[in-house]
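Remarks on the structure that follows.
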2 protein chains.
Amino acid sequence: MVEVKVLTDILAANDAIAEVNRKIFKEAGVLSLNLMSSPGAGKTSLLERTLEALSDELKFGIVEGDIATTRDAERLEKFDVPITQINTQSECHLDANMVHGAIKDFPFAGLDVLIIENVGNLVCPAEFVVGEDHKMMLLSVTEGDDKPLKYPLMFHESSLLLINKTDLLPYVDFDMEVAKRNALQVSPKLDILTISCKTGEGLDEWFDWIRAQRV
Amino acid sequence: MVEVKVLTDILAANDAIAEVNRKIFKEAGVLSLNLMSSPGAGKTSLLERTLEALSDELKFGIVEGDIATTRDAERLEKFDVPITQINTQSECHLDANMVHGAIKDFPFAGLDVLIIENVGNLVCPAEFVVGEDHKMMLLSVTEGDDKPLKYPLMFHESSLLLINKTDLLPYVDFDMEVAKRNALQVSPKLDILTISCKTGEGLDEWFDWIRAQRV
């Protein structure tokens, strides 16, 4: 009977591969960001806005993680950036080994920033390091201001929280101050920016955050 | 070294406990519903609206699944229905064993309907049968009309899809016909209702769906 070791060993094996990925990113001189959120919080929209605005200034590469379909990758094709698609099948997150498969032949020459779009899931992706410089996450205001307390790990593991869809604030019950307080209670050093990928509000601060990480 | 068996064996063990739960539900004469969705799609709001409207007609019990906190259970305390809280800690879904722990001493006498609110996650909860009569799910219109294709298993496993937050349709890019077509492509026999827990739109159809399952 095939057997697998307990989760701690799975995570140790994952960490070992993540270190290999980390060296690849470092040698390539790229900033690597692992982008996480619930389904439909706006990860691909954020990539669209970012590539539209910064493609003249920075060279991006994308790893697209999805359980099924290549729809997100197709949305980004028009930007003429290197994209590798990972279909995880039944897996609800990316792990270091999947990312390794996606980056081992990646065209890193001249690249500044690699963004890894994780599977939409507010839980499991936070458990797996993939060798990234930073984990970062989106929270949509439609999800509610209580989410940092209910799903603490992802907020704890992220360097940056982007609170997205601020254009919908007039129509939902979401207290921005409560949301920020809850997030900082889980992770006091978390950077928090409020954005709308629809109206463009706050995106300049996000672009500045990327620039600051590259120094 | 502690070892665990592969996923197929985990699922087989889960199914065996689910059968025990199923017998408990059957002997108690309760309709059991396993309610799933992404974080913040409105599961607890649906329970609030349902208990408000139907408490005089049907006797409900609730099992609340959360990774952390008892916030959802606290929101339902005012309805004076039996509630058992499961905190899954790091687990991203409910399984049959967790539900068994919650129901083995549950006050089933006189109960008509048991609703099990799963952890907010559009992936993993669909993999685990807990002994329920039906899996059902919420999709918020803020999540996008492509979600049935991107996260097919949950749509495939559910008997009922409630498309929630229709009050936000004027403010988001969500094509209801496309969403329904995508969902039916994944699961042709899926029942689909459109609702707003905020305005009450469509909730009468959901209440009728509950009544129809009890016949």
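Each chain in the structure tokens gets a letter, A, B, ..., in the order shown, and its residues are numbered from 1; ligands are numbered from 1 in order too.
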
Mobile chain B placed on reference chain A by ordered C-alpha fit, as a PDB file with C-alpha atoms, in the first residue's frame:
ATOM      1  CA  MET B   1      -0.015  -0.012  -0.219  1.00  0.00           C
ATOM      2  CA  VAL B   2       1.268   3.413  -1.116  1.00  0.00           C
ATOM      3  CA  GLU B   3       1.759   5.627   1.890  1.00  0.00           C
ATOM      4  CA  VAL B   4       2.623   9.268   2.416  1.00  0.00           C
ATOM      5  CA  LYS B   5       4.262  10.854   5.394  1.00  0.00           C
ATOM      6  CA  VAL B   6       2.514  13.162   7.809  1.00  0.00           C
ATOM      7  CA  LEU B   7       1.950  16.803   7.094  1.00  0.00           C
ATOM      8  CA  THR B   8       5.084  17.986   8.893  1.00  0.00           C
ATOM      9  CA  ASP B   9       7.156  15.835   6.549  1.00  0.00           C
ATOM     10  CA  ILE B  10       5.198  17.000   3.527  1.00  0.00           C
ATOM     11  CA  LEU B  11       5.909  20.574   4.565  1.00  0.00           C
ATOM     12  CA  ALA B  12       9.602  19.803   5.189  1.00  0.00           C
ATOM     13  CA  ALA B  13       9.882  18.284   1.705  1.00  0.00           C
ATOM     14  CA  ASN B  14       8.047  21.295   0.311  1.00  0.00           C
ATOM     15  CA  ASP B  15      10.437  23.682   2.070  1.00  0.00           C
ATOM     16  CA  ALA B  16      13.449  21.920   0.581  1.00  0.00           C
ATOM     17  CA  ILE B  17      12.112  22.402  -2.953  1.00  0.00           C
ATOM     18  CA  ALA B  18      11.136  25.987  -2.104  1.00  0.00           C
ATOM     19  CA  GLU B  19      14.796  26.665  -1.285  1.00  0.00           C
ATOM     20  CA  VAL B  20      15.784  25.448  -4.757  1.00  0.00           C
ATOM     21  CA  ASN B  21      13.179  27.787  -6.270  1.00  0.00           C
ATOM     22  CA  ARG B  22      14.445  30.640  -4.110  1.00  0.00           C
ATOM     23  CA  LYS B  23      17.948  30.192  -5.517  1.00  0.00           C
ATOM     24  CA  ILE B  24      16.583  30.197  -9.064  1.00  0.00           C
ATOM     25  CA  PHE B  25      14.733  33.471  -8.389  1.00  0.00           C
ATOM     26  CA  LYS B  26      17.811  35.003  -6.762  1.00  0.00           C
ATOM     27  CA  GLU B  27      20.153  34.028  -9.568  1.00  0.00           C
ATOM     28  CA  ALA B  28      17.658  35.419 -12.073  1.00  0.00           C
ATOM     29  CA  GLY B  29      17.484  38.669 -10.085  1.00  0.00           C
ATOM     30  CA  VAL B  30      13.673  38.675 -10.042  1.00  0.00           C
ATOM     31  CA  LEU B  31      11.346  39.815  -7.316  1.00  0.00           C
ATOM     32  CA  SER B  32       8.957  36.875  -6.735  1.00  0.00           C
ATOM     33  CA  LEU B  33       5.457  37.450  -5.375  1.00  0.00           C
ATOM     34  CA  ASN B  34       2.950  34.718  -4.413  1.00  0.00           C
ATOM     35  CA  LEU B  35      -0.517  36.237  -4.901  1.00  0.00           C
ATOM     36  CA  MET B  36      -3.338  34.647  -2.899  1.00  0.00           C
ATOM     37  CA  SER B  37      -7.044  35.296  -2.259  1.00  0.00           C
ATOM     38  CA  SER B  38     -10.517  33.761  -2.191  1.00  0.00           C
ATOM     39  CA  PRO B  39     -12.049  32.877  -5.565  1.00  0.00           C
ATOM     40  CA  GLY B  40     -13.143  35.986  -7.429  1.00  0.00           C
ATOM     41  CA  ALA B  41     -11.447  38.562  -5.211  1.00  0.00           C
ATOM     42  CA  GLY B  42      -9.680  40.047  -8.230  1.00  0.00           C
ATOM     43  CA  LYS B  43      -6.237  38.432  -8.594  1.00  0.00           C
ATOM     44  CA  THR B  44      -6.310  38.320 -12.393  1.00  0.00           C
ATOM     45  CA  SER B  45      -7.815  41.808 -12.602  1.00  0.00           C
ATOM     46  CA  LEU B  46      -4.931  43.074 -10.461  1.00  0.00           C
ATOM     47  CA  LEU B  47      -2.467  41.464 -12.862  1.00  0.00           C
ATOM     48  CA  GLU B  48      -4.262  43.068 -15.823  1.00  0.00           C
ATOM     49  CA  ARG B  49      -4.093  46.540 -14.263  1.00  0.00           C
ATOM     50  CA  THR B  50      -0.461  46.024 -13.232  1.00  0.00           C
ATOM     51  CA  LEU B  51       0.718  44.841 -16.640  1.00  0.00           C
ATOM     52  CA  GLU B  52      -1.188  47.671 -18.342  1.00  0.00           C
ATOM     53  CA  ALA B  53       0.468  50.293 -16.150  1.00  0.00           C
ATOM     54  CA  LEU B  54       4.001  49.001 -15.612  1.00  0.00           C
ATOM     55  CA  SER B  55       4.974  47.004 -18.702  1.00  0.00           C
ATOM     56  CA  ASP B  56       7.091  49.862 -20.064  1.00  0.00           C
ATOM     57  CA  GLU B  57       8.920  50.201 -16.759  1.00  0.00           C
ATOM     58  CA  LEU B  58       9.347  46.620 -15.527  1.00  0.00           C
ATOM     59  CA  LYS B  59       9.488  43.243 -17.238  1.00  0.00           C
ATOM     60  CA  PHE B  60       7.020  40.802 -15.714  1.00  0.00           C
ATOM     61  CA  GLY B  61       6.584  37.048 -15.847  1.00  0.00           C
ATOM     62  CA  ILE B  62       3.494  35.197 -14.654  1.00  0.00           C
ATOM     63  CA  VAL B  63       2.833  31.729 -13.260  1.00  0.00           C
ATOM     64  CA  GLU B  64      -0.905  31.006 -13.346  1.00  0.00           C
ATOM     65  CA  GLY B  65      -2.249  28.456 -10.863  1.00  0.00           C
ATOM     66  CA  ASP B  66      -5.728  27.071 -11.445  1.00  0.00           C
ATOM     67  CA  ILE B  67      -7.494  23.848 -10.578  1.00  0.00           C
ATOM     68  CA  ALA B  68      -8.953  23.690 -14.078  1.00  0.00           C
ATOM     69  CA  THR B  69      -9.066  25.808 -17.265  1.00  0.00           C
ATOM     70  CA  THR B  70      -6.562  28.285 -18.718  1.00  0.00           C
ATOM     71  CA  ARG B  71      -9.017  31.202 -18.575  1.00  0.00           C
ATOM     72  CA  ASP B  72      -6.843  33.443 -16.386  1.00  0.00           C
ATOM     73  CA  ALA B  73      -3.777  32.894 -18.559  1.00  0.00           C
ATOM     74  CA  GLU B  74      -5.882  33.689 -21.651  1.00  0.00           C
ATOM     75  CA  ARG B  75      -6.955  36.990 -20.066  1.00  0.00           C
ATOM     76  CA  LEU B  76      -3.274  37.948 -19.803  1.00  0.00           C
ATOM     77  CA  GLU B  77      -2.119  36.785 -23.249  1.00  0.00           C
ATOM     78  CA  LYS B  78      -2.586  40.225 -24.803  1.00  0.00           C
ATOM     79  CA  PHE B  79       0.178  41.674 -22.644  1.00  0.00           C
ATOM     80  CA  ASP B  80       2.909  39.661 -24.356  1.00  0.00           C
ATOM     81  CA  VAL B  81       4.580  38.548 -21.104  1.00  0.00           C
ATOM     82  CA  PRO B  82       5.865  35.021 -20.461  1.00  0.00           C
ATOM     83  CA  ILE B  83       3.127  32.969 -18.750  1.00  0.00           C
ATOM     84  CA  THR B  84       3.286  29.398 -17.542  1.00  0.00           C
ATOM     85  CA  GLN B  85       0.041  27.668 -16.587  1.00  0.00           C
ATOM     86  CA  ILE B  86      -0.213  25.150 -13.739  1.00  0.00           C
ATOM     87  CA  ASN B  87      -3.420  23.118 -13.563  1.00  0.00           C
ATOM     88  CA  THR B  88      -3.480  21.571 -10.121  1.00  0.00           C
ATOM     89  CA  GLN B  89      -6.370  19.201 -10.909  1.00  0.00           C
ATOM     90  CA  SER B  90      -7.842  18.414  -7.488  1.00  0.00           C
ATOM     91  CA  GLU B  91      -5.191  20.268  -5.477  1.00  0.00           C
ATOM     92  CA  CYS B  92      -6.493  23.409  -3.769  1.00  0.00           C
ATOM     93  CA  HIS B  93      -3.169  25.278  -3.643  1.00  0.00           C
ATOM     94  CA  LEU B  94       0.218  25.618  -5.300  1.00  0.00           C
ATOM     95  CA  ASP B  95       3.173  23.919  -3.666  1.00  0.00           C
ATOM     96  CA  ALA B  96       6.905  24.350  -4.244  1.00  0.00           C
ATOM     97  CA  ASN B  97       7.138  21.314  -6.511  1.00  0.00           C
ATOM     98  CA  MET B  98       4.396  22.539  -8.848  1.00  0.00           C
ATOM     99  CA  VAL B  99       6.038  25.952  -9.020  1.00  0.00           C
ATOM    100  CA  HIS B 100       9.410  24.310  -9.645  1.00  0.00           C
ATOM    101  CA  GLY B 101       7.933  22.537 -12.659  1.00  0.00           C
ATOM    102  CA  ALA B 102       6.668  25.866 -13.944  1.00  0.00           C
ATOM    103  CA  ILE B 103       9.900  27.849 -13.477  1.00  0.00           C
ATOM    104  CA  LYS B 104      12.674  25.398 -14.268  1.00  0.00           C
ATOM    105  CA  ASP B 105      12.596  26.366 -17.959  1.00  0.00           C
ATOM    106  CA  PHE B 106      11.113  29.835 -17.498  1.00  0.00           C
ATOM    107  CA  PRO B 107      12.539  32.619 -19.738  1.00  0.00           C
ATOM    108  CA  PHE B 108      14.003  34.675 -16.882  1.00  0.00           C
ATOM    109  CA  ALA B 109      16.433  36.723 -19.019  1.00  0.00           C
ATOM    110  CA  GLY B 110      15.770  40.423 -18.449  1.00  0.00           C
ATOM    111  CA  LEU B 111      12.832  39.758 -16.120  1.00  0.00           C
ATOM    112  CA  ASP B 112      12.278  42.032 -13.112  1.00  0.00           C
ATOM    113  CA  VAL B 113       9.205  40.627 -11.363  1.00  0.00           C
ATOM    114  CA  LEU B 114       7.603  37.161 -11.320  1.00  0.00           C
ATOM    115  CA  ILE B 115       4.039  37.025 -10.005  1.00  0.00           C
ATOM    116  CA  ILE B 116       2.669  33.611  -9.077  1.00  0.00           C
ATOM    117  CA  GLU B 117      -1.146  33.665  -9.044  1.00  0.00           C
ATOM    118  CA  ASN B 118      -2.243  30.968  -6.622  1.00  0.00           C
ATOM    119  CA  VAL B 119      -5.489  28.951  -6.640  1.00  0.00           C
ATOM    120  CA  GLY B 120      -8.434  30.917  -5.250  1.00  0.00           C
ATOM    121  CA  ASN B 121      -8.609  29.740  -1.653  1.00  0.00           C
ATOM    122  CA  LEU B 122      -8.297  31.702   1.599  1.00  0.00           C
ATOM    123  CA  VAL B 123      -6.896  28.741   3.541  1.00  0.00           C
ATOM    124  CA  CYS B 124      -4.493  26.202   2.039  1.00  0.00           C
ATOM    125  CA  PRO B 125      -2.187  28.330  -0.163  1.00  0.00           C
ATOM    126  CA  ALA B 126      -0.888  30.073   2.969  1.00  0.00           C
ATOM    127  CA  GLU B 127       0.516  26.791   4.294  1.00  0.00           C
ATOM    128  CA  PHE B 128       2.938  26.281   1.421  1.00  0.00           C
ATOM    129  CA  VAL B 129       6.105  28.311   0.840  1.00  0.00           C
ATOM    130  CA  VAL B 130       7.092  28.156  -2.837  1.00  0.00           C
ATOM    131  CA  GLY B 131      10.376  30.109  -2.600  1.00  0.00           C
ATOM    132  CA  GLU B 132       8.764  33.520  -3.026  1.00  0.00           C
ATOM    133  CA  ASP B 133      10.185  36.798  -1.707  1.00  0.00           C
ATOM    134  CA  HIS B 134       6.732  37.750  -0.434  1.00  0.00           C
ATOM    135  CA  LYS B 135       3.322  36.262  -0.021  1.00  0.00           C
ATOM    136  CA  MET B 136       0.636  38.868  -0.653  1.00  0.00           C
ATOM    137  CA  MET B 137      -3.137  38.696  -0.667  1.00  0.00           C
ATOM    138  CA  LEU B 138      -6.290  40.327  -1.875  1.00  0.00           C
ATOM    139  CA  LEU B 139      -9.427  40.653   0.239  1.00  0.00           C
ATOM    140  CA  SER B 140     -12.566  41.856  -1.513  1.00  0.00           C
ATOM    141  CA  VAL B 141     -14.799  44.181   0.510  1.00  0.00           C
ATOM    142  CA  THR B 142     -17.697  41.891  -0.482  1.00  0.00           C
ATOM    143  CA  GLU B 143     -16.194  39.137   1.685  1.00  0.00           C
ATOM    144  CA  GLY B 144     -16.694  40.984   4.960  1.00  0.00           C
ATOM    145  CA  ASP B 145     -14.513  42.781   7.508  1.00  0.00           C
ATOM    146  CA  ASP B 146     -14.361  39.737   9.817  1.00  0.00           C
ATOM    147  CA  LYS B 147     -12.268  37.579   7.495  1.00  0.00           C
ATOM    148  CA  PRO B 148      -8.833  38.249   9.070  1.00  0.00           C
ATOM    149  CA  LEU B 149     -10.091  36.748  12.340  1.00  0.00           C
ATOM    150  CA  LYS B 150     -11.854  33.816  10.685  1.00  0.00           C
ATOM    151  CA  TYR B 151      -9.017  32.876   8.295  1.00  0.00           C
ATOM    152  CA  PRO B 152      -5.978  34.143  10.210  1.00  0.00           C
ATOM    153  CA  LEU B 153      -3.123  32.152   8.653  1.00  0.00           C
ATOM    154  CA  MET B 154      -3.199  33.820   5.242  1.00  0.00           C
ATOM    155  CA  PHE B 155      -3.189  37.294   6.784  1.00  0.00           C
ATOM    156  CA  HIS B 156      -0.376  36.213   9.105  1.00  0.00           C
ATOM    157  CA  GLU B 157       1.808  34.859   6.300  1.00  0.00           C
ATOM    158  CA  SER B 158       1.354  37.804   3.929  1.00  0.00           C
ATOM    159  CA  SER B 159       3.635  40.842   3.704  1.00  0.00           C
ATOM    160  CA  LEU B 160       0.976  42.898   1.918  1.00  0.00           C
ATOM    161  CA  LEU B 161      -2.816  42.972   2.086  1.00  0.00           C
ATOM    162  CA  LEU B 162      -4.637  44.683  -0.775  1.00  0.00           C
ATOM    163  CA  ILE B 163      -8.268  45.383   0.137  1.00  0.00           C
ATOM    164  CA  ASN B 164      -9.935  45.369  -3.282  1.00  0.00           C
ATOM    165  CA  LYS B 165     -13.263  46.426  -4.821  1.00  0.00           C
ATOM    166  CA  THR B 166     -13.504  49.642  -2.812  1.00  0.00           C
ATOM    167  CA  ASP B 167     -15.898  50.816  -5.568  1.00  0.00           C
ATOM    168  CA  LEU B 168     -18.482  48.461  -3.989  1.00  0.00           C
ATOM    169  CA  LEU B 169     -18.169  49.943  -0.478  1.00  0.00           C
ATOM    170  CA  PRO B 170     -21.416  51.966  -0.782  1.00  0.00           C
ATOM    171  CA  TYR B 171     -23.367  48.763  -1.422  1.00  0.00           C
ATOM    172  CA  VAL B 172     -21.974  46.338   1.158  1.00  0.00           C
ATOM    173  CA  ASP B 173     -21.702  46.153   4.951  1.00  0.00           C
ATOM    174  CA  PHE B 174     -17.951  46.469   5.308  1.00  0.00           C
ATOM    175  CA  ASP B 175     -16.247  48.658   7.894  1.00  0.00           C
ATOM    176  CA  MET B 176     -12.770  49.468   6.562  1.00  0.00           C
ATOM    177  CA  GLU B 177     -11.407  50.473   9.964  1.00  0.00           C
ATOM    178  CA  VAL B 178     -12.654  47.232  11.528  1.00  0.00           C
ATOM    179  CA  ALA B 179     -11.132  45.200   8.689  1.00  0.00           C
ATOM    180  CA  LYS B 180      -7.747  46.914   9.086  1.00  0.00           C
ATOM    181  CA  ARG B 181      -7.844  46.527  12.864  1.00  0.00           C
ATOM    182  CA  ASN B 182      -8.673  42.813  12.543  1.00  0.00           C
ATOM    183  CA  ALA B 183      -5.878  42.288  10.009  1.00  0.00           C
ATOM    184  CA  LEU B 184      -3.313  44.117  12.170  1.00  0.00           C
ATOM    185  CA  GLN B 185      -4.440  42.121  15.205  1.00  0.00           C
ATOM    186  CA  VAL B 186      -3.469  38.949  13.320  1.00  0.00           C
ATOM    187  CA  SER B 187      -0.309  40.434  11.800  1.00  0.00           C
ATOM    188  CA  PRO B 188       0.905  43.758  13.293  1.00  0.00           C
ATOM    189  CA  LYS B 189       3.543  44.362  10.601  1.00  0.00           C
ATOM    190  CA  LEU B 190       1.212  43.801   7.632  1.00  0.00           C
ATOM    191  CA  ASP B 191       1.275  46.489   4.929  1.00  0.00           C
ATOM    192  CA  ILE B 192      -2.308  47.351   3.957  1.00  0.00           C
ATOM    193  CA  LEU B 193      -3.430  49.223   0.846  1.00  0.00           C
ATOM    194  CA  THR B 194      -6.993  49.833  -0.355  1.00  0.00           C
ATOM    195  CA  ILE B 195      -7.587  49.538  -4.084  1.00  0.00           C
ATOM    196  CA  SER B 196     -10.183  49.199  -6.793  1.00  0.00           C
ATOM    197  CA  CYS B 197      -9.089  47.333  -9.900  1.00  0.00           C
ATOM    198  CA  LYS B 198     -12.245  48.680 -11.536  1.00  0.00           C
ATOM    199  CA  THR B 199     -11.731  52.433 -10.949  1.00  0.00           C
ATOM    200  CA  GLY B 200      -7.952  52.354 -10.451  1.00  0.00           C
ATOM    201  CA  GLU B 201      -8.194  53.863  -6.969  1.00  0.00           C
ATOM    202  CA  GLY B 202      -5.118  53.128  -4.875  1.00  0.00           C
ATOM    203  CA  LEU B 203      -3.217  51.288  -7.610  1.00  0.00           C
ATOM    204  CA  ASP B 204      -0.400  53.861  -7.639  1.00  0.00           C
ATOM    205  CA  GLU B 205       0.414  52.874  -4.047  1.00  0.00           C
ATOM    206  CA  TRP B 206       0.536  49.219  -5.087  1.00  0.00           C
ATOM    207  CA  PHE B 207       2.884  50.081  -7.944  1.00  0.00           C
ATOM    208  CA  ASP B 208       5.085  51.982  -5.477  1.00  0.00           C
ATOM    209  CA  TRP B 209       5.068  48.936  -3.180  1.00  0.00           C
ATOM    210  CA  ILE B 210       6.443  46.784  -6.026  1.00  0.00           C
ATOM    211  CA  ARG B 211       9.136  49.373  -6.775  1.00  0.00           C
ATOM    212  CA  ALA B 212      10.125  49.531  -3.106  1.00  0.00           C
ATOM    213  CA  GLN B 213      10.580  45.742  -2.875  1.00  0.00           C
ATOM    214  CA  ARG B 214      13.031  45.779  -5.782  1.00  0.00           C
ATOM    215  CA  VAL B 215      15.483  48.167  -4.097  1.00  0.00           C
TER     216      VAL B 215
END

For this session: Using backbone DSSP assignments, extract all helix (DSSP H, G or I) residues from range 17-143 of chain A; output them as a ChimeraX atom specification.
Result: /A:17-28,43-54,71-79,96-103,124-127,141-143

For this session: Please identify which residues in range 156-197 of chain B DSSP calls strand (DSSP E) from the backbone, and express them as a PyMOL selection string.
Result: chain B and resi 160-164+191-194
